[in-house]
$ cat run_10.txt   # compact mmCIF, C-alpha atoms and all ligand atoms
# COMPACT_ATOMS: atom_id res chain seq x y z
CA MET E 27 -51.56 21.92 30.03
CA ARG E 28 -50.08 22.00 26.50
CA LEU E 29 -48.24 18.79 25.73
CA ILE E 30 -46.31 17.76 22.63
CA VAL E 31 -46.13 13.97 22.30
CA VAL E 32 -43.21 12.75 20.17
CA VAL E 33 -43.59 9.60 18.07
CA GLY E 34 -41.46 8.21 15.27
CA ALA E 35 -41.36 4.42 15.05
CA ARG E 36 -43.89 1.58 14.89
CA PRO E 37 -44.09 0.73 18.60
CA ASN E 38 -44.52 4.44 19.47
CA PHE E 39 -47.71 4.66 17.42
CA ILE E 40 -49.26 1.75 19.28
CA LYS E 41 -48.39 3.31 22.65
CA VAL E 42 -50.20 6.56 21.85
CA GLY E 43 -53.27 4.74 20.50
CA PRO E 44 -55.08 4.54 23.86
CA LEU E 45 -53.31 7.61 25.22
CA MET E 46 -54.47 10.39 22.90
CA PRO E 47 -58.22 10.01 23.60
CA ALA E 48 -57.54 9.77 27.35
CA LEU E 49 -55.45 12.95 27.28
CA ALA E 50 -58.20 14.79 25.39
CA GLU E 51 -60.83 13.55 27.83
CA GLY E 52 -58.63 14.65 30.72
CA GLY E 53 -58.56 18.21 29.37
CA ILE E 54 -54.91 18.05 28.32
CA ASP E 55 -54.17 19.88 25.08
CA ALA E 56 -51.94 17.25 23.46
CA ALA E 57 -50.62 17.23 19.88
CA LEU E 58 -48.43 14.69 18.12
CA ALA E 59 -45.06 15.40 16.52
CA HIS E 60 -44.07 12.54 14.15
CA THR E 61 -40.34 12.56 13.47
CA GLY E 62 -40.69 10.35 10.38
CA GLN E 63 -38.19 7.77 11.68
CA HIS E 64 -40.55 5.17 10.20
CA TYR E 65 -42.22 6.30 7.00
CA ASP E 66 -43.40 3.33 4.88
CA ALA E 67 -47.19 3.03 4.85
CA THR E 68 -46.88 -0.42 6.45
CA MET E 69 -44.61 0.95 9.21
CA SER E 70 -46.56 4.15 9.97
CA ASP E 71 -49.85 5.11 8.24
CA VAL E 72 -51.52 1.75 8.89
CA PHE E 73 -51.28 2.28 12.66
CA PHE E 74 -52.90 5.71 12.55
CA ALA E 75 -55.78 4.16 10.58
CA ASP E 76 -56.10 0.98 12.67
CA LEU E 77 -56.01 2.81 16.01
CA ASP E 78 -57.86 6.03 15.02
CA ILE E 79 -54.84 8.05 16.14
CA PRO E 80 -55.22 11.77 15.42
CA GLN E 81 -53.04 12.93 12.55
CA PRO E 82 -49.74 14.42 13.74
CA ALA E 83 -49.78 18.20 13.97
CA TRP E 84 -46.17 18.13 12.74
CA PHE E 85 -44.38 15.66 10.46
CA LEU E 86 -40.64 16.19 10.51
CA GLY E 87 -39.50 13.84 7.73
CA VAL E 88 -36.34 12.61 9.48
CA GLY E 89 -36.16 9.17 7.79
CA SER E 90 -33.39 6.58 8.05
CA GLY E 91 -29.71 7.04 8.81
CA THR E 92 -26.95 6.08 11.21
CA HIS E 93 -27.82 6.54 14.87
CA ALA E 94 -26.15 9.95 15.08
CA VAL E 95 -27.62 11.18 11.79
CA GLN E 96 -31.13 10.01 12.67
CA THR E 97 -31.03 11.21 16.29
CA GLY E 98 -29.28 14.46 15.42
CA THR E 99 -31.64 15.31 12.57
CA ALA E 100 -34.64 14.59 14.81
CA MET E 101 -33.12 16.77 17.56
CA MET E 102 -32.58 19.69 15.18
CA ARG E 103 -36.14 19.56 13.88
CA LEU E 104 -37.71 18.98 17.29
CA GLU E 105 -35.67 21.81 18.83
CA GLU E 106 -37.02 24.23 16.26
CA LEU E 107 -40.56 23.00 16.89
CA PHE E 108 -40.34 23.09 20.70
CA ALA E 109 -38.73 26.54 20.65
CA ALA E 110 -41.56 27.90 18.50
CA GLU E 111 -44.38 26.16 20.39
CA ARG E 112 -43.03 26.29 23.98
CA PRO E 113 -45.28 23.50 25.30
CA ASP E 114 -45.63 23.05 29.09
CA ALA E 115 -44.10 19.57 28.73
CA VAL E 116 -42.90 17.11 26.09
CA MET E 117 -43.89 13.46 26.33
CA VAL E 118 -41.65 10.78 24.81
CA VAL E 119 -42.58 7.11 24.68
CA GLY E 120 -40.60 3.87 24.56
CA ASP E 121 -36.90 3.63 23.70
CA VAL E 122 -36.29 4.44 20.03
CA ASN E 123 -34.01 7.13 18.61
CA SER E 124 -36.96 9.54 18.32
CA THR E 125 -37.53 9.10 22.07
CA LEU E 126 -33.97 10.11 22.88
CA ALA E 127 -34.02 13.01 20.40
CA GLY E 128 -37.24 14.39 21.92
CA ALA E 129 -35.88 14.13 25.46
CA LEU E 130 -32.55 15.81 24.61
CA ALA E 131 -34.08 18.63 22.58
CA ALA E 132 -36.73 19.41 25.22
CA ALA E 133 -34.40 19.17 28.23
CA LYS E 134 -31.95 21.63 26.69
CA LEU E 135 -34.79 24.10 26.11
CA HIS E 136 -35.75 23.68 29.80
CA ILE E 137 -39.05 22.05 28.84
CA PRO E 138 -39.93 19.23 31.29
CA VAL E 139 -39.78 15.74 29.77
CA VAL E 140 -42.35 13.06 30.60
CA HIS E 141 -41.26 9.50 29.74
CA LEU E 142 -43.90 6.85 29.20
CA GLU E 143 -42.38 3.36 29.60
CA ALA E 144 -39.61 4.54 31.91
CA GLY E 145 -37.37 2.28 33.99
CA LEU E 146 -37.08 -0.82 31.75
CA ARG E 147 -33.53 -2.15 31.67
CA SER E 148 -31.86 -4.98 29.74
CA ARG E 149 -28.45 -4.13 31.28
CA ASP E 150 -27.03 -4.58 27.78
CA MET E 151 -25.26 -1.47 26.57
CA SER E 152 -24.75 -2.99 23.12
CA MET E 153 -28.48 -2.41 22.55
CA PRO E 154 -29.15 1.06 21.13
CA GLU E 155 -32.45 1.06 23.03
CA GLU E 156 -30.68 0.61 26.40
CA VAL E 157 -28.61 3.73 25.72
CA ASN E 158 -31.78 5.58 24.76
CA ARG E 159 -33.58 4.40 27.93
CA LEU E 160 -30.79 5.37 30.31
CA VAL E 161 -30.30 8.85 28.89
CA THR E 162 -34.01 9.56 28.47
CA ASP E 163 -34.75 8.57 32.05
CA GLN E 164 -31.98 10.75 33.44
CA LEU E 165 -33.41 13.72 31.53
CA SER E 166 -37.03 13.12 32.54
CA ALA E 167 -38.95 15.22 35.05
CA MET E 168 -41.77 12.64 35.24
CA LEU E 169 -41.20 8.89 34.80
CA LEU E 170 -44.19 6.67 34.05
CA THR E 171 -43.32 2.99 34.58
CA PRO E 172 -44.96 -0.16 33.15
CA VAL E 173 -43.80 -2.53 35.92
CA ARG E 174 -42.87 -2.09 39.60
CA GLU E 175 -39.37 -3.31 38.79
CA GLY E 176 -39.03 -0.15 36.67
CA ASP E 177 -39.49 1.97 39.80
CA ASP E 178 -36.77 -0.06 41.55
CA ASN E 179 -34.38 0.38 38.62
CA LEU E 180 -34.90 4.13 38.56
CA ILE E 181 -34.53 4.55 42.32
CA ALA E 182 -31.29 2.54 42.18
CA GLU E 183 -30.07 5.03 39.55
CA GLY E 184 -30.79 7.98 41.83
CA VAL E 185 -34.12 9.15 40.43
CA ASP E 186 -36.29 11.02 42.97
CA PRO E 187 -39.11 8.56 43.86
CA GLU E 188 -41.63 11.43 43.81
CA ARG E 189 -41.08 11.76 40.06
CA ILE E 190 -41.92 8.09 39.42
CA HIS E 191 -45.49 6.91 38.78
CA PHE E 192 -46.25 3.22 38.31
CA VAL E 193 -48.99 3.60 35.70
CA GLY E 194 -48.82 0.11 34.15
CA ASN E 195 -48.27 -1.07 30.59
CA ILE E 196 -49.86 1.01 27.83
CA MET E 197 -49.25 -1.80 25.26
CA ALA E 198 -51.44 -4.03 27.42
CA GLU E 199 -54.20 -1.42 27.47
CA SER E 200 -54.03 -1.26 23.69
CA VAL E 201 -54.39 -5.04 23.44
CA LEU E 202 -57.36 -5.10 25.83
CA ARG E 203 -59.14 -2.23 24.07
CA ASN E 204 -58.62 -3.69 20.60
CA LEU E 205 -59.20 -7.43 21.09
CA PRO E 206 -63.00 -6.93 21.24
CA ARG E 207 -62.81 -5.08 17.90
CA ILE E 208 -61.27 -8.12 16.16
CA GLU E 209 -63.31 -10.97 17.61
CA ASP E 210 -64.42 -12.00 14.11
CA ARG E 211 -61.19 -11.17 12.29
CA THR E 212 -59.73 -14.31 10.69
CA VAL E 213 -56.42 -13.13 9.30
CA ALA E 214 -54.79 -16.58 9.40
CA ALA E 215 -57.21 -17.86 6.76
CA ALA E 216 -55.96 -15.23 4.31
CA TYR E 217 -52.59 -17.01 4.51
CA ASP E 218 -54.17 -20.50 4.28
CA LEU E 219 -53.43 -21.07 7.96
CA LYS E 220 -55.69 -22.40 10.67
CA PRO E 221 -56.05 -20.88 14.17
CA GLY E 222 -53.76 -22.88 16.44
CA GLY E 223 -52.01 -24.37 13.42
CA TYR E 224 -49.10 -22.00 12.85
CA VAL E 225 -46.20 -20.15 14.45
CA LEU E 226 -45.88 -16.36 14.13
CA ALA E 227 -42.36 -14.90 13.90
CA THR E 228 -40.87 -11.40 13.94
CA ILE E 229 -37.13 -10.65 14.08
CA HIS E 230 -35.58 -7.20 13.65
CA ARG E 231 -33.06 -6.49 16.45
CA PRO E 232 -29.51 -5.71 15.25
CA GLU E 233 -28.14 -8.35 17.66
CA ASN E 234 -29.82 -10.90 15.35
CA THR E 235 -30.02 -9.19 11.95
CA ASP E 236 -26.45 -7.88 11.98
CA HIS E 237 -24.78 -11.15 12.98
CA PRO E 238 -24.98 -13.61 10.06
CA GLU E 239 -24.40 -16.68 12.24
CA ARG E 240 -27.26 -15.73 14.58
CA LEU E 241 -29.57 -14.81 11.72
CA SER E 242 -28.90 -18.10 9.97
CA ALA E 243 -29.55 -19.97 13.24
CA VAL E 244 -32.94 -18.24 13.39
CA ALA E 245 -33.58 -19.09 9.73
CA THR E 246 -32.54 -22.74 10.19
CA SER E 247 -34.72 -23.32 13.25
CA LEU E 248 -37.77 -21.59 11.78
CA SER E 249 -37.42 -23.49 8.49
CA ALA E 250 -37.47 -26.75 10.51
CA SER E 251 -40.54 -25.79 12.59
CA PRO E 252 -43.13 -28.58 12.96
CA LEU E 253 -45.86 -26.02 12.12
CA PRO E 254 -45.90 -23.49 9.27
CA VAL E 255 -44.29 -20.17 10.24
CA LEU E 256 -45.76 -16.84 9.15
CA PHE E 257 -43.03 -14.19 9.27
CA PRO E 258 -44.12 -10.57 8.73
CA THR E 259 -40.69 -9.19 7.93
CA HIS E 260 -39.35 -5.82 9.12
CA PRO E 261 -37.75 -3.80 6.29
CA ARG E 262 -34.29 -3.99 7.93
CA THR E 263 -34.51 -7.80 8.19
CA ARG E 264 -35.62 -8.90 4.75
CA PRO E 265 -32.45 -8.10 2.76
CA LYS E 266 -30.32 -9.65 5.51
CA LEU E 267 -32.39 -12.83 5.59
CA GLY E 268 -31.93 -13.08 1.84
CA ALA E 269 -28.17 -12.87 2.37
CA ALA E 270 -28.46 -15.53 5.13
CA GLY E 271 -30.09 -17.88 2.64
CA LEU E 272 -33.75 -17.59 3.67
CA GLU E 273 -35.93 -17.16 0.62
CA GLN E 274 -39.50 -15.85 0.64
CA GLU E 275 -40.60 -19.42 1.27
CA SER E 276 -38.03 -21.72 2.91
CA GLY E 277 -39.06 -24.96 4.58
CA ALA E 278 -41.88 -24.09 6.97
CA VAL E 279 -41.35 -20.33 6.66
CA ARG E 280 -43.37 -17.85 4.68
CA MET E 281 -42.12 -14.27 4.74
CA VAL E 282 -44.69 -11.54 4.14
CA ASP E 283 -44.65 -7.74 4.37
CA PRO E 284 -45.22 -6.17 7.81
CA VAL E 285 -48.91 -6.31 8.73
CA GLY E 286 -51.16 -3.72 10.40
CA TYR E 287 -51.76 -3.68 14.15
CA LEU E 288 -55.23 -5.25 14.16
CA ASP E 289 -54.11 -8.04 11.83
CA MET E 290 -51.00 -8.57 13.97
CA LEU E 291 -53.11 -8.81 17.10
CA ALA E 292 -55.38 -11.40 15.48
CA LEU E 293 -52.36 -13.33 14.20
CA GLN E 294 -50.82 -13.36 17.69
CA ARG E 295 -54.08 -14.42 19.33
CA ASP E 296 -54.54 -17.31 16.89
CA ALA E 297 -50.93 -18.55 16.74
CA ALA E 298 -49.87 -21.75 18.48
CA ALA E 299 -46.64 -20.01 19.52
CA ILE E 300 -44.66 -16.87 18.74
CA VAL E 301 -40.93 -16.52 18.04
CA THR E 302 -39.68 -12.94 18.30
CA ASP E 303 -37.04 -10.46 19.39
CA SER E 304 -39.54 -7.59 19.61
CA GLY E 305 -40.18 -5.85 22.91
CA GLY E 306 -43.84 -5.16 22.19
CA VAL E 307 -44.57 -8.63 20.85
CA GLN E 308 -43.24 -10.26 24.06
CA GLU E 309 -45.79 -8.19 25.99
CA GLU E 310 -48.65 -8.79 23.57
CA ALA E 311 -48.05 -12.56 23.51
CA CYS E 312 -48.35 -12.46 27.29
CA MET E 313 -51.65 -10.56 27.01
CA VAL E 314 -53.28 -12.74 24.32
CA GLY E 315 -52.24 -16.01 26.02
CA THR E 316 -49.90 -17.33 23.31
CA PRO E 317 -46.61 -18.91 24.48
CA CYS E 318 -43.60 -16.89 23.37
CA VAL E 319 -39.97 -17.67 22.53
CA THR E 320 -37.67 -14.63 22.64
CA VAL E 321 -34.42 -14.95 20.72
CA ARG E 322 -32.15 -12.58 22.59
CA ARG E 323 -29.33 -12.55 25.12
CA ASN E 324 -31.42 -10.65 27.65
CA THR E 325 -34.73 -8.86 27.90
CA GLU E 326 -35.95 -5.71 29.57
CA ARG E 327 -39.38 -7.41 29.59
CA GLY E 328 -38.21 -10.00 32.14
CA ILE E 329 -41.60 -9.94 33.79
CA THR E 330 -43.05 -11.90 30.85
CA VAL E 331 -40.51 -14.67 31.53
CA GLY E 332 -41.23 -14.42 35.25
CA VAL E 333 -44.97 -15.04 34.86
CA GLY E 334 -44.28 -18.05 32.59
CA ALA E 335 -45.43 -16.58 29.27
CA ASN E 336 -42.03 -16.21 27.64
CA ARG E 337 -38.82 -18.22 27.13
CA LEU E 338 -35.54 -16.38 26.59
CA VAL E 339 -33.09 -18.26 24.34
CA LEU E 340 -29.78 -17.56 22.65
CA ALA E 341 -29.69 -17.50 18.85
CA SER E 342 -28.62 -21.09 18.25
CA SER E 343 -30.80 -23.29 16.08
CA GLU E 344 -30.88 -26.10 18.70
CA ALA E 345 -31.92 -23.73 21.49
CA ILE E 346 -34.62 -22.06 19.40
CA SER E 347 -36.02 -25.39 18.17
CA ALA E 348 -36.10 -26.80 21.73
CA ALA E 349 -37.81 -23.69 23.11
CA LEU E 350 -40.31 -23.70 20.26
CA ALA E 351 -41.11 -27.38 20.90
CA ASP E 352 -41.64 -26.53 24.57
CA ALA E 353 -43.87 -23.56 23.72
CA LEU E 354 -45.94 -25.66 21.31
CA THR E 355 -46.61 -28.38 23.89
CA SER E 356 -47.02 -26.09 26.89
CA THR E 357 -50.39 -26.05 28.60
CA LEU E 358 -49.24 -23.59 31.22
CA ALA E 359 -51.52 -20.64 31.99
CA TRP E 360 -50.15 -17.46 33.54
CA ASP E 361 -51.31 -14.37 35.35
CA VAL E 362 -51.04 -11.08 33.53
CA PRO E 363 -48.68 -8.68 35.38
CA GLU E 364 -50.00 -6.03 37.76
CA ARG E 365 -51.51 -2.94 36.09
CA TRP E 366 -51.40 -4.40 32.60
CA ASP E 367 -55.02 -3.31 32.30
CA THR E 368 -57.34 -0.74 30.73
CA GLU E 369 -56.61 2.00 33.28
CA VAL E 370 -53.06 2.84 32.21
CA SER E 371 -53.93 5.92 30.17
CA ALA E 372 -56.22 7.15 32.98
CA ARG E 373 -53.29 6.82 35.43
CA VAL E 374 -51.11 8.83 33.04
CA VAL E 375 -53.73 11.60 32.99
CA THR E 376 -53.94 11.58 36.80
CA ALA E 377 -50.15 11.82 37.08
CA LEU E 378 -50.04 14.74 34.61
CA ALA E 379 -52.91 16.49 36.41
CA GLY E 380 -50.74 16.52 39.54
CA GLY E 381 -48.33 18.74 37.61
CA VAL E 382 -44.89 18.09 36.14
CA ARG E 383 -42.25 19.51 38.48
CA PRO E 384 -39.32 20.72 36.37
CA LEU E 385 -35.91 19.24 37.13
CA SER E 386 -33.91 21.70 39.21
CA GLY E 387 -32.09 24.12 36.97
CA TYR E 388 -34.84 24.15 34.34
CA GLU E 389 -36.09 27.58 35.40
CA GLY E 390 -34.41 30.69 34.01
C1 LIG E 401 -36.27 1.01 15.36
C2 LIG E 401 -35.86 1.13 16.83
C3 LIG E 401 -36.11 -0.19 17.54
C4 LIG E 401 -37.52 -0.64 17.35
C5 LIG E 401 -37.88 -0.68 15.88
C6 LIG E 401 -39.35 -0.94 15.76
C7 LIG E 401 -33.98 2.62 17.26
C8 LIG E 401 -32.55 2.71 17.62
N1 LIG E 401 -34.43 1.40 16.96
O1 LIG E 401 -35.42 0.03 14.77
O2 LIG E 401 -35.88 -0.01 18.93
O3 LIG E 401 -37.68 -1.93 17.90
O4 LIG E 401 -37.61 0.61 15.30
O5 LIG E 401 -39.75 -1.34 14.53
O6 LIG E 401 -34.66 3.63 17.25
N2 LIG E 401 -36.84 1.14 7.04
C9 LIG E 401 -37.66 1.16 5.96
N3 LIG E 401 -38.87 1.79 6.06
C10 LIG E 401 -39.30 2.40 7.21
C11 LIG E 401 -38.44 2.38 8.31
C12 LIG E 401 -37.22 1.74 8.21
O7 LIG E 401 -37.34 0.63 4.89
O8 LIG E 401 -40.42 2.95 7.23
C13 LIG E 401 -35.55 0.44 6.93
C14 LIG E 401 -34.42 1.35 6.49
O9 LIG E 401 -33.56 0.59 5.69
C15 LIG E 401 -33.72 1.66 7.79
C16 LIG E 401 -33.92 0.39 8.58
O10 LIG E 401 -35.20 -0.09 8.21
O11 LIG E 401 -32.36 1.98 7.64
C17 LIG E 401 -33.87 0.58 10.08
O12 LIG E 401 -34.77 1.59 10.52
P1 LIG E 401 -34.52 2.39 11.88
O13 LIG E 401 -35.66 3.26 12.19
O14 LIG E 401 -33.19 3.03 11.84
O15 LIG E 401 -34.37 1.26 12.96
P2 LIG E 401 -35.27 -0.03 13.21
O16 LIG E 401 -34.45 -1.23 12.95
O17 LIG E 401 -36.55 0.12 12.51
N1 LIG E 402 -46.35 -5.15 14.75
C1 LIG E 402 -47.29 -5.00 13.75
N2 LIG E 402 -47.04 -5.59 12.54
C2 LIG E 402 -45.92 -6.32 12.30
C3 LIG E 402 -44.98 -6.48 13.34
C4 LIG E 402 -45.21 -5.87 14.56
O1 LIG E 402 -48.31 -4.37 13.94
O2 LIG E 402 -45.76 -6.81 11.17
C5 LIG E 402 -46.60 -4.50 16.04
C6 LIG E 402 -46.62 -5.43 17.22
O3 LIG E 402 -47.88 -6.06 17.34
C7 LIG E 402 -46.33 -4.49 18.37
C8 LIG E 402 -45.36 -3.51 17.74
O4 LIG E 402 -45.53 -3.63 16.34
O5 LIG E 402 -47.49 -3.78 18.75
C9 LIG E 402 -43.98 -3.86 18.15
O6 LIG E 402 -43.10 -3.11 17.42
P1 LIG E 402 -41.67 -3.63 16.97
O7 LIG E 402 -41.57 -5.08 17.13
O8 LIG E 402 -41.43 -3.04 15.64
O9 LIG E 402 -40.72 -2.85 18.00
P2 LIG E 402 -40.28 -3.14 19.51
O10 LIG E 402 -41.49 -3.33 20.32
O11 LIG E 402 -39.37 -4.32 19.47
O12 LIG E 402 -39.52 -1.91 19.87
$ encode --input "run_10.txt" --output "structure tokens" --more "lines below"
Ligand code: UD1
Ligand code: UDP
Amino acid sequence: MRLIVVVGARPNFIKVGPLMPALAEGGIDAALAHTGQHYDATMSDVFFADLDIPQPAWFLGVGSGTHAVQTGTAMMRLEELFAAERPDAVMVVGDVNSTLAGALAAAKLHIPVVHLEAGLRSRDMSMPEEVNRLVTDQLSAMLLTPVREGDDNLIAEGVDPERIHFVGNIMAESVLRNLPRIEDRTVAAAYDLKPGGYVLATIHRPENTDHPERLSAVATSLSASPLPVLFPTHPRTRPKLGAAGLEQESGAVRMVDPVGYLDMLALQRDAAAIVTDSGGVQEEACMVGTPCVTVRRNTERGITVGVGANRLVLASSEAISAALADALTSTLAWDVPERWDTEVSARVVTALAGGVRPLSGYEG
């Protein structure tokens, strides 16, 4: 089978980390197409180096833009690529604009789409990712889900159950495969922090960054944290935090550039608590055993709340401070969700080996 795997943004790279070697081992001829949605070295190259990901066969240089410009440009370039290469299937991962662009371009060329991380739902159509998830899943011939609830969501939306495979969470496999590689990594010390003596924060969702009152609530609560806060700052967030009055160092907070994956994993493992609005970080916190506070109105990763690893709070400074205090004093242990293990990529290979049945109407 010839497979083109589309990636474009930071969380996509991490998802293909464990996948590419498993595909090769499974005899699947898979090559990466990088749209270039993320392009800074700290948002792209570092992940290929940290995770030994094969270099993309194609780099499409799409870059930043409005949703339509970014998605449309990626579609145009992917369409040209898919038409020339005619792979047996196209795999898209996660829920970013590159995911949607890959699914749309492939489906319209009658190339079956495989979606890894299908079926997650926040039920919040103001999130660009929810739009991307819904459309991608409707266009997919094979849907690989990270949680059983994903299967239920898809079936409720009319997806043929035979197309759905509950493979488990690939982000979890990445954590489990990489934690042993960083046993001795002491990243906190480089920031004059002690393991267990700091809070790690990441915030980049438009629902927080693009609403000044919410962003300043995040800034106020983090500044007042009882422990120092290390804040690797996404490029979209930093200028907006500046406008919201958070300087490089404000109260307890220290903003730094985004860090590489292995450093991030070590920082999450060693933090006393994590405050985030990231999808992947909610899952990783659950895997490394660090209590998490998620500053959002909803989450498609509800399972992390369900097992007791995560607290979902609205962006008010009182709510965030209270949840952080709870996370810092919590002694609760939790069970990792089903199939968040090291066999996820192997299950993907097994599903692909069973063949990808085109959606009706693909042929001819
Ligand atoms: C995208 C995804 C989001 C994901 C996030 C992961 C969509 C709709 N959103 O959001 O789901 O959680 O990636 O990080 O696809 N920028 C740089 N350098 C880069 C990349 C971006 O400076 O290498 C800046 C640009 O100013 C750009 C802005 O960040 O306009 C936003 O980038 P974009 O890819 O559009 O969306 P993200 O917020 O990164
Ligand atoms: N991440 C990282 N360095 C950082 C911030 C995040 O390596 O400075 C990793 C994080 O560990 C996780 C992934 O990026 O694996 C999550 O991506 P992000 O938060 O950008 O997107 P989301 O998951 O919210 O779509």
$ residues_near_ligand --input "run_10.txt" --ligand "ligand LIG 401 (chain E)" --cutoff "8 Å" --atoms "only C-alpha atoms and all ligand atoms" --output "ChimeraX atom specification"
/E:35-37,63-70,89-93,96,121-125,154-155,158,230-232,260-263,304-305
$ axis_aligned_box --input "run_10.txt" --around "segment 263-267 of chain E" --padding-each-side "8 Å" --output "JSON"
{"center_x": -33.0, "center_y": -10.3, "center_z": 5.5, "size_x": 21.3, "size_y": 21.0, "size_z": 21.4}
$ closest_residue --input "run_10.txt" --among "E:Met313, E:Val331, E:Ala349, E:Ile30" --to "ligand LIG 402 (chain E)" --atoms "all atoms listed in the file"
E:Met313
$ residues_near_ligand --input "run_10.txt" --ligand "ligand LIG 402 (chain E)" --cutoff "7 Å" --atoms "all atoms listed in the file" --output "mmCIF file with C-alpha atoms, keeping the file's coordinate frame"
data_model
loop_
_atom_site.group_PDB
_atom_site.id
_atom_site.type_symbol
_atom_site.label_atom_id
_atom_site.label_comp_id
_atom_site.auth_asym_id
_atom_site.auth_seq_id
_atom_site.Cartn_x
_atom_site.Cartn_y
_atom_site.Cartn_z
ATOM 1 C CA ARG E 36 -43.890 1.580 14.890
ATOM 2 C CA PRO E 37 -44.090 0.730 18.600
ATOM 3 C CA ILE E 40 -49.260 1.750 19.280
ATOM 4 C CA THR E 228 -40.870 -11.400 13.940
ATOM 5 C CA PRO E 258 -44.120 -10.570 8.730
ATOM 6 C CA THR E 259 -40.690 -9.190 7.930
ATOM 7 C CA HIS E 260 -39.350 -5.820 9.120
ATOM 8 C CA ASP E 283 -44.650 -7.740 4.370
ATOM 9 C CA PRO E 284 -45.220 -6.170 7.810
ATOM 10 C CA VAL E 285 -48.910 -6.310 8.730
ATOM 11 C CA GLY E 286 -51.160 -3.720 10.400
ATOM 12 C CA TYR E 287 -51.760 -3.680 14.150
ATOM 13 C CA LEU E 288 -55.230 -5.250 14.160
ATOM 14 C CA MET E 290 -51.000 -8.570 13.970
ATOM 15 C CA LEU E 291 -53.110 -8.810 17.100
ATOM 16 C CA ASP E 303 -37.040 -10.460 19.390
ATOM 17 C CA SER E 304 -39.540 -7.590 19.610
ATOM 18 C CA GLY E 305 -40.180 -5.850 22.910
ATOM 19 C CA GLY E 306 -43.840 -5.160 22.190
ATOM 20 C CA VAL E 307 -44.570 -8.630 20.850
ATOM 21 C CA GLU E 310 -48.650 -8.790 23.570
#
$ closest_residue --input "run_10.txt" --among "E:Leu86, E:Leu170, E:Ala94, E:Leu226" --to "Leu142 of chain E" --atoms "all atoms listed in the file"
E:Leu170
$ atom_distance --input "run_10.txt" --atom1 "atom CA of Arg174 of chain E" --atom2 "atom CA of Ser356 of chain E"
27.5 Å
$ closest_residue --input "run_10.txt" --among "E:Leu45, E:Val72, E:Gly34, E:Ile229" --to "Val88 of chain E" --atoms "only C-alpha atoms"
E:Gly34
$ atom_distance --input "run_10.txt" --atom1 "atom CA of Gly223 of chain E" --atom2 "atom CA of Asp210 of chain E"
17.5 Å
$ atom_distance --input "run_10.txt" --atom1 "atom CA of Ala270 of chain E" --atom2 "atom CA of Asn234 of chain E"
11.3 Å
$ residues_near_point --input "run_10.txt" --point "(-62.0, -7.9, 18.6)" --cutoff "12 Å" --atoms "all atoms listed in the file" --output "PyMOL selection string"
chain E and resi 200-212+287-293+295+314
$ build_atoms --input "run_10.txt" --residues "segment 303-311 of chain E" --atoms "N, CA, C and O atoms" --output "JSON list (two decimals), keeping the file's coordinate frame"
[["chain", "number", "residue", "atom", "x", "y", "z"],
["E", 303, "ASP", "N", -37.99, -11.22, 18.58],
["E", 303, "ASP", "CA", -37.04, -10.46, 19.39],
["E", 303, "ASP", "C", -37.59, -9.07, 19.67],
["E", 303, "ASP", "O", -36.89, -8.18, 20.13],
["E", 304, "SER", "N", -38.88, -8.88, 19.39],
["E", 304, "SER", "CA", -39.54, -7.59, 19.61],
["E", 304, "SER", "C", -39.88, -7.39, 21.08],
["E", 304, "SER", "O", -40.30, -8.33, 21.76],
["E", 305, "GLY", "N", -39.75, -6.16, 21.54],
["E", 305, "GLY", "CA", -40.18, -5.85, 22.91],
["E", 305, "GLY", "C", -41.69, -5.92, 23.04],
["E", 305, "GLY", "O", -42.24, -6.60, 23.91],
["E", 306, "GLY", "N", -42.38, -5.22, 22.12],
["E", 306, "GLY", "CA", -43.84, -5.16, 22.19],
["E", 306, "GLY", "C", -44.49, -6.52, 22.01],
["E", 306, "GLY", "O", -45.47, -6.85, 22.69],
["E", 307, "VAL", "N", -43.95, -7.33, 21.12],
["E", 307, "VAL", "CA", -44.57, -8.63, 20.85],
["E", 307, "VAL", "C", -44.45, -9.55, 22.08],
["E", 307, "VAL", "O", -45.38, -10.30, 22.40],
["E", 308, "GLN", "N", -43.35, -9.47, 22.82],
["E", 308, "GLN", "CA", -43.24, -10.26, 24.06],
["E", 308, "GLN", "C", -44.39, -9.92, 25.01],
["E", 308, "GLN", "O", -44.97, -10.80, 25.65],
["E", 309, "GLU", "N", -44.72, -8.63, 25.08],
["E", 309, "GLU", "CA", -45.79, -8.19, 25.99],
["E", 309, "GLU", "C", -47.16, -8.61, 25.45],
["E", 309, "GLU", "O", -48.02, -9.07, 26.22],
["E", 310, "GLU", "N", -47.34, -8.46, 24.15],
["E", 310, "GLU", "CA", -48.65, -8.79, 23.57],
["E", 310, "GLU", "C", -48.93, -10.29, 23.64],
["E", 310, "GLU", "O", -50.06, -10.72, 23.90],
["E", 311, "ALA", "N", -47.88, -11.11, 23.40],
["E", 311, "ALA", "CA", -48.05, -12.56, 23.51],
["E", 311, "ALA", "C", -48.54, -12.91, 24.91],
["E", 311, "ALA", "O", -49.44, -13.74, 25.09]]
